[in-house]
file structure-v9.txt (compact mmCIF, C-alpha atoms)
# COMPACT_ATOMS: atom_id res chain seq x y z
CA MET L 1 20.30 164.21 -74.79
CA ALA L 2 19.81 164.55 -71.06
CA GLU L 3 18.74 168.16 -71.50
CA MET L 4 16.14 167.11 -74.09
CA MET L 5 14.75 164.48 -71.72
CA ASN L 6 14.51 167.06 -68.92
CA THR L 7 12.65 169.45 -71.24
CA THR L 8 10.24 166.70 -72.33
CA GLU L 9 9.65 165.71 -68.72
CA GLN L 10 9.01 169.35 -67.81
CA TYR L 11 6.46 169.69 -70.63
CA ALA L 12 4.75 166.48 -69.48
CA LYS L 13 4.46 167.84 -65.92
CA GLU L 14 3.06 171.18 -67.14
CA GLU L 15 0.64 169.40 -69.47
CA TYR L 16 -0.65 167.29 -66.57
CA MET L 17 -0.90 170.41 -64.38
CA TYR L 18 -2.95 172.27 -67.02
CA PHE L 19 -5.33 169.33 -67.44
CA LYS L 20 -5.82 168.92 -63.68
CA ILE L 21 -6.41 172.65 -63.13
CA SER L 22 -8.84 172.77 -66.07
CA ASP L 23 -10.74 169.76 -64.72
CA THR L 24 -11.05 171.34 -61.26
CA LEU L 25 -12.07 174.74 -62.64
CA ASN L 26 -14.71 173.10 -64.84
CA PHE L 27 -16.35 171.65 -61.74
CA VAL L 28 -16.05 175.01 -59.92
CA THR L 29 -17.69 176.75 -62.90
CA ILE L 30 -20.64 174.34 -62.73
CA LEU L 31 -21.11 175.17 -59.04
CA ILE L 32 -20.87 178.91 -59.79
CA THR L 33 -23.55 178.48 -62.49
CA ILE L 34 -25.94 176.72 -60.12
CA VAL L 35 -25.50 179.36 -57.40
CA GLY L 36 -25.67 182.19 -59.94
CA SER L 37 -28.81 180.79 -61.58
CA VAL L 38 -30.56 180.75 -58.20
CA GLY L 39 -29.29 184.30 -57.64
CA ASN L 40 -30.66 185.48 -60.99
CA ILE L 41 -34.08 183.97 -60.22
CA LEU L 42 -34.07 185.75 -56.84
CA ALA L 43 -32.94 189.01 -58.50
CA TYR L 44 -35.86 188.84 -60.95
CA GLY L 45 -38.33 188.03 -58.18
CA THR L 46 -37.03 190.83 -55.96
CA ALA L 47 -37.17 193.40 -58.78
CA ASN L 48 -40.68 192.23 -59.59
CA ASN L 49 -41.62 192.70 -55.92
CA MET L 50 -40.65 196.38 -55.82
CA ASN L 51 -43.51 198.84 -55.34
CA MET L 52 -42.88 200.92 -58.45
CA VAL L 53 -42.64 200.91 -62.23
CA SER L 54 -39.38 202.34 -63.58
CA SER L 55 -36.68 201.85 -66.18
CA THR L 56 -34.24 200.76 -63.48
CA VAL L 57 -36.47 197.90 -62.35
CA THR L 58 -37.06 196.90 -65.98
CA TYR L 59 -33.32 196.75 -66.67
CA MET L 60 -32.75 194.70 -63.51
CA LYS L 61 -35.40 192.16 -64.55
CA CYS L 62 -34.14 191.94 -68.15
CA LEU L 63 -30.55 191.60 -66.96
CA ALA L 64 -31.54 188.78 -64.60
CA VAL L 65 -33.17 186.90 -67.49
CA ALA L 66 -30.20 187.50 -69.83
CA ASP L 67 -27.66 186.50 -67.17
CA PHE L 68 -29.63 183.36 -66.30
CA THR L 69 -29.82 182.36 -69.98
CA SER L 70 -26.13 183.03 -70.67
CA ALA L 71 -24.86 181.36 -67.49
CA THR L 72 -27.05 178.29 -68.07
CA GLN L 73 -25.88 178.02 -71.67
CA ASP L 74 -22.16 178.31 -70.84
CA GLY L 75 -22.05 176.66 -67.43
CA ILE L 76 -24.60 173.84 -67.72
CA ILE L 77 -25.49 173.06 -71.35
CA SER L 78 -21.96 173.59 -72.66
CA LEU L 79 -19.40 173.10 -69.90
CA GLY L 80 -21.47 170.99 -67.50
CA LEU L 81 -22.55 168.34 -70.00
CA ARG L 82 -19.10 168.37 -71.60
CA TYR L 83 -17.58 167.74 -68.15
CA TYR L 84 -19.47 164.43 -68.05
CA GLY L 85 -18.53 163.54 -71.63
CA TYR L 86 -21.74 164.59 -73.40
CA TYR L 87 -21.33 167.04 -76.29
CA VAL L 88 -24.79 168.37 -77.10
CA GLU L 89 -23.48 170.41 -80.05
CA ASN L 90 -22.56 167.16 -81.85
CA LEU L 91 -26.17 165.92 -82.05
CA SER L 92 -26.74 167.32 -85.55
CA GLY L 93 -25.67 170.08 -87.91
CA GLY L 94 -28.67 172.21 -86.93
CA VAL L 95 -27.98 171.82 -83.21
CA CYS L 96 -24.32 172.70 -83.85
CA LYS L 97 -25.30 175.97 -85.55
CA ILE L 98 -27.92 176.94 -82.97
CA PHE L 99 -25.59 176.03 -80.09
CA HIS L 100 -22.81 178.42 -81.12
CA PHE L 101 -25.21 181.16 -82.22
CA TRP L 102 -27.09 181.02 -78.91
CA SER L 103 -23.90 180.94 -76.82
CA ALA L 104 -22.42 184.05 -78.49
CA ALA L 105 -25.67 186.04 -78.74
CA THR L 106 -26.79 185.52 -75.12
CA SER L 107 -23.41 186.47 -73.64
CA VAL L 108 -23.25 189.72 -75.65
CA ILE L 109 -26.92 190.61 -75.02
CA ALA L 110 -26.32 190.39 -71.25
CA ASN L 111 -23.29 192.68 -71.53
CA TRP L 112 -25.18 195.22 -73.65
CA ILE L 113 -28.03 195.32 -71.13
CA VAL L 114 -25.47 196.25 -68.45
CA MET L 115 -24.27 199.00 -70.82
CA ALA L 116 -27.84 200.24 -71.34
CA PHE L 117 -28.46 200.14 -67.57
CA THR L 118 -25.35 202.27 -67.03
CA MET L 119 -26.38 204.75 -69.73
CA ASP L 120 -29.81 205.00 -68.08
CA ARG L 121 -28.17 205.95 -64.76
CA CYS L 122 -25.84 208.36 -66.56
CA VAL L 123 -28.77 210.25 -68.10
CA ALA L 124 -30.53 210.24 -64.70
CA SER L 125 -27.47 211.77 -63.02
CA VAL L 126 -26.43 214.28 -65.69
CA PHE L 127 -29.89 215.27 -67.02
CA PRO L 128 -32.28 214.52 -64.13
CA ILE L 129 -35.19 216.69 -65.34
CA TYR L 130 -35.13 215.21 -68.85
CA TYR L 131 -34.86 211.73 -67.34
CA ARG L 132 -37.91 212.13 -65.11
CA LEU L 133 -40.03 213.55 -67.92
CA ASN L 134 -39.05 211.25 -70.78
CA VAL L 135 -37.51 207.97 -69.58
CA LYS L 136 -40.02 205.34 -68.52
CA SER L 137 -40.25 201.59 -68.14
CA SER L 138 -41.45 201.32 -71.75
CA THR L 139 -38.27 203.11 -72.84
CA ALA L 140 -36.14 200.41 -71.25
CA GLN L 141 -38.26 197.69 -72.84
CA LYS L 142 -37.70 199.20 -76.30
CA VAL L 143 -33.94 199.46 -75.68
CA VAL L 144 -33.72 195.81 -74.56
CA LEU L 145 -35.77 194.72 -77.59
CA PHE L 146 -33.41 196.62 -79.91
CA ILE L 147 -30.35 195.05 -78.21
CA THR L 148 -31.83 191.56 -78.58
CA VAL L 149 -32.78 191.95 -82.25
CA PHE L 150 -29.55 193.71 -83.24
CA ASN L 151 -27.25 191.14 -81.63
CA SER L 152 -29.32 188.22 -82.91
CA LEU L 153 -28.96 189.53 -86.47
CA PHE L 154 -25.25 190.25 -85.96
CA PHE L 155 -24.51 186.67 -84.92
CA CYS L 156 -26.44 185.04 -87.77
CA TRP L 157 -23.04 184.38 -89.39
CA PHE L 158 -22.62 181.51 -86.90
CA PHE L 159 -25.20 179.55 -88.92
CA PHE L 160 -22.78 179.60 -91.86
CA ASP L 161 -19.58 179.21 -89.84
CA TYR L 162 -20.33 176.00 -87.90
CA ASP L 163 -21.36 172.50 -88.93
CA LEU L 164 -20.47 168.86 -88.28
CA ASN L 165 -17.25 167.60 -89.86
CA SER L 166 -16.61 164.10 -91.24
CA LYS L 167 -16.03 162.82 -87.68
CA GLY L 168 -19.38 164.11 -86.51
CA GLU L 169 -17.78 166.91 -84.46
CA CYS L 170 -19.15 170.46 -84.36
CA ARG L 171 -16.42 172.67 -85.88
CA ASN L 172 -16.11 175.90 -87.87
CA THR L 173 -16.26 175.35 -91.61
CA ILE L 174 -14.39 178.39 -92.94
CA ASN L 175 -10.68 179.17 -93.00
CA ALA L 176 -9.22 178.85 -89.50
CA ARG L 177 -7.32 182.13 -89.84
CA ASP L 178 -10.47 184.03 -90.87
CA THR L 179 -12.39 182.46 -88.00
CA ALA L 180 -9.72 183.53 -85.51
CA ILE L 181 -9.73 187.11 -86.81
CA TRP L 182 -13.52 187.30 -86.74
CA SER L 183 -13.62 185.81 -83.20
CA TRP L 184 -11.07 188.38 -82.04
CA PHE L 185 -13.23 191.10 -83.55
CA TRP L 186 -16.51 190.23 -81.83
CA ILE L 187 -14.89 189.38 -78.49
CA MET L 188 -12.86 192.61 -78.36
CA THR L 189 -15.66 194.84 -79.69
CA MET L 190 -19.16 193.41 -79.17
CA TYR L 191 -18.44 191.45 -75.98
CA ALA L 192 -15.90 193.63 -74.15
CA GLY L 193 -14.84 196.73 -76.10
CA ILE L 194 -18.04 198.67 -76.87
CA PRO L 195 -19.77 197.92 -73.53
CA GLY L 196 -16.56 198.43 -71.53
CA VAL L 197 -15.63 201.82 -73.02
CA THR L 198 -19.23 203.06 -72.82
CA ILE L 199 -19.58 201.98 -69.18
CA LEU L 200 -16.24 203.55 -68.25
CA ILE L 201 -17.23 206.91 -69.80
CA CYS L 202 -20.69 206.82 -68.21
CA ASN L 203 -19.24 205.98 -64.79
CA CYS L 204 -16.93 209.00 -65.01
CA LEU L 205 -19.88 211.24 -65.92
CA ILE L 206 -21.96 209.79 -63.07
CA ILE L 207 -19.20 210.36 -60.50
CA GLY L 208 -18.69 213.91 -61.80
CA ALA L 209 -22.41 214.64 -61.55
CA ILE L 210 -22.52 213.31 -57.99
CA ARG L 211 -19.60 215.51 -56.93
CA ASN L 212 -21.19 218.61 -58.44
CA ARG L 213 -24.62 217.90 -56.99
CA LYS L 214 -25.90 220.37 -54.43
CA LYS L 215 -26.60 219.24 -50.90
CA PRO L 216 -30.25 218.12 -50.76
CA THR L 217 -32.78 219.93 -48.60
CA ASP L 218 -34.74 218.10 -45.91
CA LYS L 219 -37.68 217.85 -48.33
CA ASP L 220 -35.58 216.19 -51.02
CA ARG L 221 -33.45 214.05 -48.70
CA LYS L 222 -35.46 210.84 -49.14
CA SER L 223 -35.45 211.14 -52.94
CA SER L 224 -31.72 211.89 -52.89
CA GLU L 225 -30.97 208.85 -50.76
CA MET L 226 -32.95 206.72 -53.19
CA GLU L 227 -31.02 208.08 -56.18
CA ASN L 228 -27.70 207.56 -54.38
CA GLY L 229 -28.66 203.99 -53.56
CA ILE L 230 -29.44 203.20 -57.19
CA THR L 231 -26.21 204.86 -58.34
CA ARG L 232 -24.16 202.94 -55.79
CA LEU L 233 -25.77 199.69 -56.96
CA LEU L 234 -25.04 200.48 -60.60
CA LEU L 235 -21.42 201.49 -59.96
CA THR L 236 -20.82 198.24 -58.06
CA VAL L 237 -22.31 196.12 -60.84
CA SER L 238 -20.53 197.99 -63.65
CA THR L 239 -17.14 197.86 -61.88
CA SER L 240 -17.50 194.10 -61.43
CA PHE L 241 -18.52 193.86 -65.09
CA LEU L 242 -15.44 195.77 -66.28
CA ILE L 243 -13.06 193.59 -64.28
CA LEU L 244 -14.60 190.25 -65.29
CA THR L 245 -15.15 190.99 -69.00
CA THR L 246 -11.62 192.35 -69.36
CA THR L 247 -10.28 189.21 -67.67
CA ALA L 248 -12.39 186.93 -69.89
CA ALA L 249 -11.26 188.76 -73.04
CA SER L 250 -7.61 188.49 -71.92
CA PHE L 251 -7.89 184.73 -71.40
CA TYR L 252 -9.58 184.36 -74.78
CA GLY L 253 -6.74 186.34 -76.37
CA SER L 254 -4.22 183.99 -74.69
CA TYR L 255 -6.17 181.02 -76.07
CA GLN L 256 -5.94 182.40 -79.62
CA MET L 257 -2.17 182.84 -79.28
CA VAL L 258 -1.54 179.13 -78.64
CA THR L 259 -0.93 177.77 -82.13
CA GLY L 260 0.65 174.33 -81.55
CA HIS L 261 -1.14 171.02 -82.22
CA ASP L 262 0.66 168.80 -79.69
CA ASN L 263 -0.83 167.61 -76.39
CA TYR L 264 0.93 170.34 -74.41
CA SER L 265 -0.56 173.10 -76.59
CA GLN L 266 -3.99 171.45 -76.37
CA ALA L 267 -3.71 171.40 -72.56
CA LYS L 268 -2.90 175.13 -72.53
CA ARG L 269 -5.82 175.87 -74.86
CA ASP L 270 -8.18 173.90 -72.63
CA PHE L 271 -6.95 175.85 -69.61
CA TYR L 272 -7.49 179.26 -71.28
CA VAL L 273 -10.93 178.23 -72.59
CA THR L 274 -11.91 177.07 -69.10
CA MET L 275 -10.73 180.35 -67.54
CA THR L 276 -12.62 182.33 -70.20
CA GLU L 277 -15.83 180.42 -69.54
CA MET L 278 -15.44 180.59 -65.77
CA THR L 279 -14.97 184.38 -65.69
CA SER L 280 -17.83 184.81 -68.17
CA VAL L 281 -20.14 182.65 -66.02
CA LEU L 282 -19.02 184.51 -62.91
CA ASN L 283 -19.90 187.78 -64.65
CA ASN L 284 -23.41 186.42 -65.34
CA SER L 285 -23.83 185.08 -61.79
CA ALA L 286 -22.67 187.88 -59.50
CA ASN L 287 -25.29 190.60 -59.92
CA PHE L 288 -27.79 189.43 -57.29
CA PHE L 289 -25.05 189.38 -54.66
CA MET L 290 -23.83 192.80 -55.82
CA TYR L 291 -27.36 194.15 -55.43
CA VAL L 292 -27.63 192.76 -51.90
CA ILE L 293 -24.25 194.16 -50.85
CA SER L 294 -24.63 197.64 -52.35
CA ALA L 295 -28.34 198.56 -52.17
CA ARG L 296 -30.33 198.78 -48.94
CA LEU L 297 -33.58 199.22 -50.88
CA PHE L 298 -32.94 196.01 -52.78
CA ARG L 299 -32.28 194.17 -49.51
CA GLU L 300 -35.57 195.48 -48.11
CA ALA L 301 -37.45 194.35 -51.24
CA PHE L 302 -35.76 190.93 -51.02
CA ILE L 303 -36.86 190.55 -47.40
CA ARG L 304 -40.40 191.57 -48.39
CA MET L 305 -40.38 188.87 -51.05
CA ILE L 306 -39.13 186.19 -48.64
CA LEU L 307 -41.69 187.23 -46.00
CA CYS L 308 -44.43 187.81 -48.57
CA GLY L 309 -47.16 186.32 -46.39
CA LYS L 310 -46.63 188.88 -43.64
CA ASN L 311 -45.99 191.82 -45.93
CA LYS L 312 -49.05 191.33 -48.12
CA LYS L 313 -51.28 192.17 -45.19
CA LYS L 314 -49.37 195.37 -44.53
CA GLN L 315 -49.43 196.41 -48.20
CA LYS L 316 -53.21 196.11 -48.70
CA GLU L 317 -53.59 199.78 -47.82
CA PRO L 318 -50.53 201.52 -49.29
CA SER L 319 -49.25 204.59 -47.52
CA SER L 320 -49.33 208.03 -49.10
CA THR L 321 -45.59 207.77 -49.70
CA THR L 322 -46.06 204.55 -51.65
CA LYS L 323 -48.85 206.09 -53.68
CA GLU L 324 -46.65 209.04 -54.55
CA ILE L 325 -43.87 206.73 -55.65
CA LYS L 326 -46.18 204.73 -57.86
CA ASN L 327 -47.58 207.83 -59.51
CA GLU L 328 -44.17 209.26 -60.37
CA PRO L 329 -43.19 208.73 -64.02
CA ASN L 330 -39.84 207.22 -63.14
CA ASN L 331 -39.03 206.81 -59.44
CA ASP L 332 -36.41 204.12 -59.01
CA LEU L 333 -36.04 201.54 -56.29
call {"tool": "encode", "arguments": {"input": "structure-v9.txt", "output": "structure tokens"}}
result
Amino acid sequence: MAEMMNTTEQYAKEEYMYFKISDTLNFVTILITIVGSVGNILAYGTANNMNMVSSTVTYMKCLAVADFTSATQDGIISLGLRYYGYYVENLSGGVCKIFHFWSAATSVIANWIVMAFTMDRCVASVFPIYYRLNVKSSTAQKVVLFITVFNSLFFCWFFFDYDLNSKGECRNTINARDTAIWSWFWIMTMYAGIPGVTILICNCLIIGAIRNRKKPTDKDRKSSEMENGITRLLLTVSTSFLILTTTAASFYGSYQMVTGHDNYSQAKRDFYVTMTEMTSVLNNSANFFMYVISARLFREAFIRMILCGKNKKKQKEPSSTTKEIKNEPNNDL
């Protein structure tokens, strides 16, 4: 009897600990979203301020928009309002469907744009001549459009899977076991698996191409430094992506493995959901800071944007170097 009471007391303590940690992490996630949203706006503005048209800049701008949308959806509309007791998904059946569709589609679209960005750098490193002749800003726009349409169509099943129940709560309407299997599938493949494996392979090819690259001549030194800067930026972003998406998928897997319906199990589920959302939001919020840390050219463009009043006067008459960069089919950063 005494042993049972000790076990019950231990469960009660752990349940309280899970709830307190989840509550604190929810607030931290909201702060991360606010900082990350500002960072994504600055990333878009800085990319837009660069003196060139290229696929790299296009991917950076599209990724900033996708990250901003996904982080705002998960960190503010979903978690932030829920933190203050307002469940926007419970407004109506239509809102419930759109809410879950939008949440899943935006998070995967952002991850696939990172994958496309990495593949773009991989082609530039392994097949540089082909890349310069054939890959342009319009190419990146078409790829991003395909990613958006494809993932939007893929997640249309959310419109059939979610609706309001008799209590007015937004819940899935099909068999719970089938929902769990399907959720496992898209998290482990669409969200983490396909982008993660592709990025890992591309990173290996990029590193191999860099090691086999000949030492640049004095004439090509500036172009080589530019390419190395872009590659360093991409490797930093993709490494961060691999770590955070793998962590988010692991927490989601832990959430699916909690099958109990008591308060203790619910506390554990809330904790794993909170950790999944926090790592996902962090993944959508970190890129601007990664750019600043890893790319000198991005830092220079950011400073130009901040000091736009002074720099506009200097950029009225572009130098011959700037003209050459603008006339190249695909000079990056």
call {"tool": "atom_distance", "arguments": {"input": "structure-v9.txt", "atom1": "atom CA of L:Val108", "atom2": "atom CA of L:Ser137"}}
result
22.1 Å
call {"tool": "atom_distance", "arguments": {"input": "structure-v9.txt", "atom1": "atom CA of L:Gly260", "atom2": "atom CA of L:Thr189"}}
result
26.3 Å
call {"tool": "residues_around", "arguments": {"input": "structure-v9.txt", "residues": "stretch 89-96 of chain L", "least_positions_apart": "2", "cutoff": "10 Å", "atoms": "only C-alpha atoms", "output": "list in words"}}
result
Ile77, Ser78, Arg82, Tyr86, Tyr87, Ile98, Phe99, His100, Phe101, Phe158, Phe159, Tyr162, Asp163, Leu164, Asn165, Lys167, Gly168, Glu169, Cys170, Arg171 and Asn172 of chain L
call {"tool": "write_last_selection", "arguments": {"input": "structure-v9.txt", "atoms": "C-alpha atoms", "output": "PDB file, in the coordinates of the input"}}
result
ATOM      1  CA  ILE L  77     -25.490 173.060 -71.350  1.00  0.00           C
ATOM      2  CA  SER L  78     -21.960 173.590 -72.660  1.00  0.00           C
ATOM      3  CA  ARG L  82     -19.100 168.370 -71.600  1.00  0.00           C
ATOM      4  CA  TYR L  86     -21.740 164.590 -73.400  1.00  0.00           C
ATOM      5  CA  TYR L  87     -21.330 167.040 -76.290  1.00  0.00           C
ATOM      6  CA  ILE L  98     -27.920 176.940 -82.970  1.00  0.00           C
ATOM      7  CA  PHE L  99     -25.590 176.030 -80.090  1.00  0.00           C
ATOM      8  CA  HIS L 100     -22.810 178.420 -81.120  1.00  0.00           C
ATOM      9  CA  PHE L 101     -25.210 181.160 -82.220  1.00  0.00           C
ATOM     10  CA  PHE L 158     -22.620 181.510 -86.900  1.00  0.00           C
ATOM     11  CA  PHE L 159     -25.200 179.550 -88.920  1.00  0.00           C
ATOM     12  CA  TYR L 162     -20.330 176.000 -87.900  1.00  0.00           C
ATOM     13  CA  ASP L 163     -21.360 172.500 -88.930  1.00  0.00           C
ATOM     14  CA  LEU L 164     -20.470 168.860 -88.280  1.00  0.00           C
ATOM     15  CA  ASN L 165     -17.250 167.600 -89.860  1.00  0.00           C
ATOM     16  CA  LYS L 167     -16.030 162.820 -87.680  1.00  0.00           C
ATOM     17  CA  GLY L 168     -19.380 164.110 -86.510  1.00  0.00           C
ATOM     18  CA  GLU L 169     -17.780 166.910 -84.460  1.00  0.00           C
ATOM     19  CA  CYS L 170     -19.150 170.460 -84.360  1.00  0.00           C
ATOM     20  CA  ARG L 171     -16.420 172.670 -85.880  1.00  0.00           C
ATOM     21  CA  ASN L 172     -16.110 175.900 -87.870  1.00  0.00           C
TER      22      ASN L 172
END
call {"tool": "residues_around", "arguments": {"input": "structure-v9.txt", "residues": "L:Ile41", "least_positions_apart": "3", "cutoff": "10 Å", "atoms": "all atoms listed in the file", "output": "MDAnalysis selection string"}}
result
chainID L and resid 36:38 44:46 61 64:65 67:68 288
call {"tool": "residues_around", "arguments": {"input": "structure-v9.txt", "residues": "L:Ala110", "least_positions_apart": "2", "cutoff": "8 Å", "atoms": "only C-alpha atoms", "output": "MDAnalysis selection string"}}
result
chainID L and resid 63 66:67 70 106:108 112:114 284
call {"tool": "closest_residue", "arguments": {"input": "structure-v9.txt", "among": "L:Val143, L:Ala192, L:Cys122, L:Ala43", "to": "L:Ile210", "atoms": "only C-alpha atoms"}}
result
L:Cys122
call {"tool": "atom_distance", "arguments": {"input": "structure-v9.txt", "atom1": "atom CA of L:Ser22", "atom2": "atom CA of L:Tyr191"}}
result
23.2 Å
call {"tool": "residues_around", "arguments": {"input": "structure-v9.txt", "residues": "L:Ile207", "least_positions_apart": "3", "cutoff": "10 Å", "atoms": "all atoms listed in the file", "output": "ChimeraX atom specification"}}
result
/L:122,125-126,202-204,210-213,231,235
call {"tool": "residues_around", "arguments": {"input": "structure-v9.txt", "residues": "L:Val292", "least_positions_apart": "2", "cutoff": "12 Å", "atoms": "all atoms listed in the file", "output": "list of chain:residue names"}}
result
L:Gly39, L:Leu42, L:Ala43, L:Thr46, L:Ala47, L:Gly229, L:Ile230, L:Arg232, L:Leu233, L:Leu234, L:Thr236, L:Val237, L:Ala286, L:Asn287, L:Phe288, L:Phe289, L:Met290, L:Ser294, L:Ala295, L:Arg296, L:Leu297, L:Phe298, L:Arg299, L:Glu300, L:Ala301, L:Phe302, L:Ile303
